[in-house]
Amino acid sequence: MKFLDHPPRYFFFTGKGGVGKTSTACASAIRLAEAGKKVLLVSTDPASNVAQVFGFEIGNRITPIPELPNLSALEIDPQAAAQAYRDRIVSPVRGLLPEGVVRGIEEQLSGACTTEIAAFDEFTALLTDNLTVTNFEHIIFDTAPTGHTIRLLQLPAAWSGFLDTTTGDTSCLGPLAGLDKQREQYKAAVDALSDSHRTRLVLVSRAQNGAIREVTRTHHELADIGLTQQYLVINGVLPAEEAGTDELAAAIHHREQRVLANLPEALKARPCDLIALKPFNLVGMPRLRQLFEDIALPTTLATHDRQSNLNAPTLSQLVDGIAADGHGLVMMMGKGGVGKTTMAAAVAVELANRGLPVHLTTSDPAAHLAETLSGTLDNLTLSRIDPHVEIERYRAHILETKGRQLDESGLAMLKEELLSPCTEEIAVFQAFSRVIREAGKVFVVMDTAPTGHTLLLLEATAGYHREVSRQVESLDPDFTTPMMLLQDPGQTKVLLVTLAETTPVLEAVNLQNDLRRAGIEPWAWVINSSIAAAETSSPLLQHRAMSESREIDNIANHYASRYAVVPILKQEPVGLEQLLQLASAQQITGRLVKAA
């Protein structure tokens, strides 16, 4: 593997969610540790699954991996870090300041911004050679899905600049005096990230157009902030020998080879490694050791191991239940890379094809809905919540309303506050709330961002709900908030999208538990891109189909009140005809207009 040649001290594995960052990071950590190096594997993902991959509980502490003495792991827990951060800020003033003032500080520290900066404090400590990590020769970061990663990597510069320009006494992060103490640590983190001799970025992708688009964007954004030492890994490539076994394998192979042959110039210039698709799930040390190896397969499966026809509900059958209500919010949620965008588009097209009015929208900064649809259809409208647009709209509104009555000094302070990292959260939340209200009249199908980002958005919704509840409950007992609508199954149906693989299923289970704690009950599960639901004689694909069948049974019997299985198609699911084929065998009955 080129990316492991002459290894530096720090590795960052990043890319679109679901492409295999965690598996690649874990396998790399194992290889370096088995070469005699002392290695620390760190997850900065709010939705970390490193523990599931190793089959061993890790948590928010440096934990030795029993099977490999040179390897330790750490999962940064954003919520635990945020609570510790709040305690550190509030405890010294509790009892000294009036209780109302203390409550005000706690309110300031209740948002997602505090959670992010608290986790960042732990992250920067690992980049500044503190005593905790002095004995480790390599520190490998398994980062969160791309949007969160970019934000995380920009924070050293962003927060250093914020401290330099902010002149007030407090911010959404608490007293600025406390932040100022971290200035040197932040500067050291910036230096480490920008030093190509100390830090190497590994961009992990799949041989799929969507994943390649995302990793190209990541490449440019990282380069723009000075992180230029980048390597490319294309994971899960179907071996050429499988292409001659049946039509499905041939279609997948040819599709992947076209993608590889047409890589953007920016990626072609990067050192690149290809990792072959494996016939098993990458869970446990023995499997992880084989990730970078070629695996021999029997040419056929034993009779009792051959896949049987999968008898499972279709996506069209789920849409029957959705359509019966006549309107409502349909939210696609799940781990990045499982196909939420495609599933959202398929549900929207299926509803519109039945003559129902549908608004398809996304809050995912990395979504490509227009490319997925590749056309227009009667009854279907398309939009995207663009964070940059929403921030500018929000800033303009605040300056026009609150800023109108301020003097020059007050206006300067307001403009400064609107530059804080919390502004995007508030602005996007307001746009999100407008979409929720619209679902009272039509169907709104929402393609959400990867899990961690979505939960932060819901956290903001819950905070707004609590605040409005305190202020208006006594005045208007019939008031409603966006959170109430999300919790009402008559108004909102949450569909959890996953793949029939161990890690995505565990991630969906964790998300379902988080939603239930917020009072939101998922309505259904959608198992996407299933080999078990397709027909294949490829030995490798049949092995994967066997593993999938076990996961599908587990979902049906233990986790989902209702579910659907969507087969992998020979052609990439782009365009209205292909999207309808995902849902059912129906033909388009509306007027189709090809995109220019």
# chains A, B, ... in the order shown; residues from 1 in each chain; ligands from 1
>>> select_by_dssp(residues="stretch 194-426 of chain A", states="helix (DSSP H, G or I)", output="PyMOL selection string")
chain A and resi 194+209-224+240-242+247-261+265-268+285-289+303-305+315-323+340-353+369-373+387-401+403-405+408-417+422-426
>>> atom_distance(atom1="atom CA of A:Val505", atom2="atom CA of A:Val259")
27.4 Å
>>> closest_residue(among="A:Ser23, A:Thr132, A:Ser537, A:Gln405", to="A:Ile62", atoms="only C-alpha atoms")
A:Thr132
>>> closest_residue(among="A:Ile252, A:Ile140, A:Leu515, A:Val435", to="A:Leu277", atoms="only C-alpha atoms")
A:Ile252
>>> closest_residue(among="A:Lys441, A:Arg395, A:Arg562, A:Arg200", to="A:Pro271", atoms="only C-alpha atoms")
A:Arg200
>>> closest_residue(among="A:Ala269, A:Ala35, A:Leu248, A:Leu511", to="A:Ala533", atoms="only C-alpha atoms")
A:Leu248
>>> residues_around(residues="A:Val215", least_positions_apart="3", cutoff="7 Å", atoms="only C-alpha atoms", output="PDB file with N, CA and C atoms, in the first residue's frame")
ATOM      1  N   GLY A  15     -13.328  10.855   3.855  1.00  0.00           N
ATOM      2  CA  GLY A  15     -14.061  10.556   2.636  1.00  0.00           C
ATOM      3  C   GLY A  15     -15.544  10.462   2.931  1.00  0.00           C
ATOM      4  N   LYS A  16     -16.320  10.205   1.901  1.00  0.00           N
ATOM      5  CA  LYS A  16     -17.769  10.090   2.042  1.00  0.00           C
ATOM      6  C   LYS A  16     -18.096   8.938   2.987  1.00  0.00           C
ATOM      7  N   LEU A 203      -7.519   9.854   1.428  1.00  0.00           N
ATOM      8  CA  LEU A 203      -8.875  10.042   0.918  1.00  0.00           C
ATOM      9  C   LEU A 203      -9.413   8.678   0.491  1.00  0.00           C
ATOM     10  N   SER A 205     -12.412   6.249  -0.960  1.00  0.00           N
ATOM     11  CA  SER A 205     -13.578   6.351  -1.835  1.00  0.00           C
ATOM     12  C   SER A 205     -13.962   4.960  -2.308  1.00  0.00           C
ATOM     13  N   ALA A 211     -19.327   8.914  -4.890  1.00  0.00           N
ATOM     14  CA  ALA A 211     -18.208   8.903  -3.950  1.00  0.00           C
ATOM     15  C   ALA A 211     -16.999   9.638  -4.521  1.00  0.00           C
ATOM     16  N   ILE A 212     -16.745   9.493  -5.824  1.00  0.00           N
ATOM     17  CA  ILE A 212     -15.613  10.179  -6.451  1.00  0.00           C
ATOM     18  C   ILE A 212     -15.842  11.693  -6.473  1.00  0.00           C
ATOM     19  N   THR A 218     -13.523  17.039  -1.416  1.00  0.00           N
ATOM     20  CA  THR A 218     -12.732  16.984  -0.195  1.00  0.00           C
ATOM     21  C   THR A 218     -11.269  17.328  -0.478  1.00  0.00           C
ATOM     22  N   HIS A 219     -10.741  16.767  -1.563  1.00  0.00           N
ATOM     23  CA  HIS A 219      -9.354  17.057  -1.945  1.00  0.00           C
ATOM     24  C   HIS A 219      -9.120  18.564  -2.075  1.00  0.00           C
TER      25      HIS A 219
END
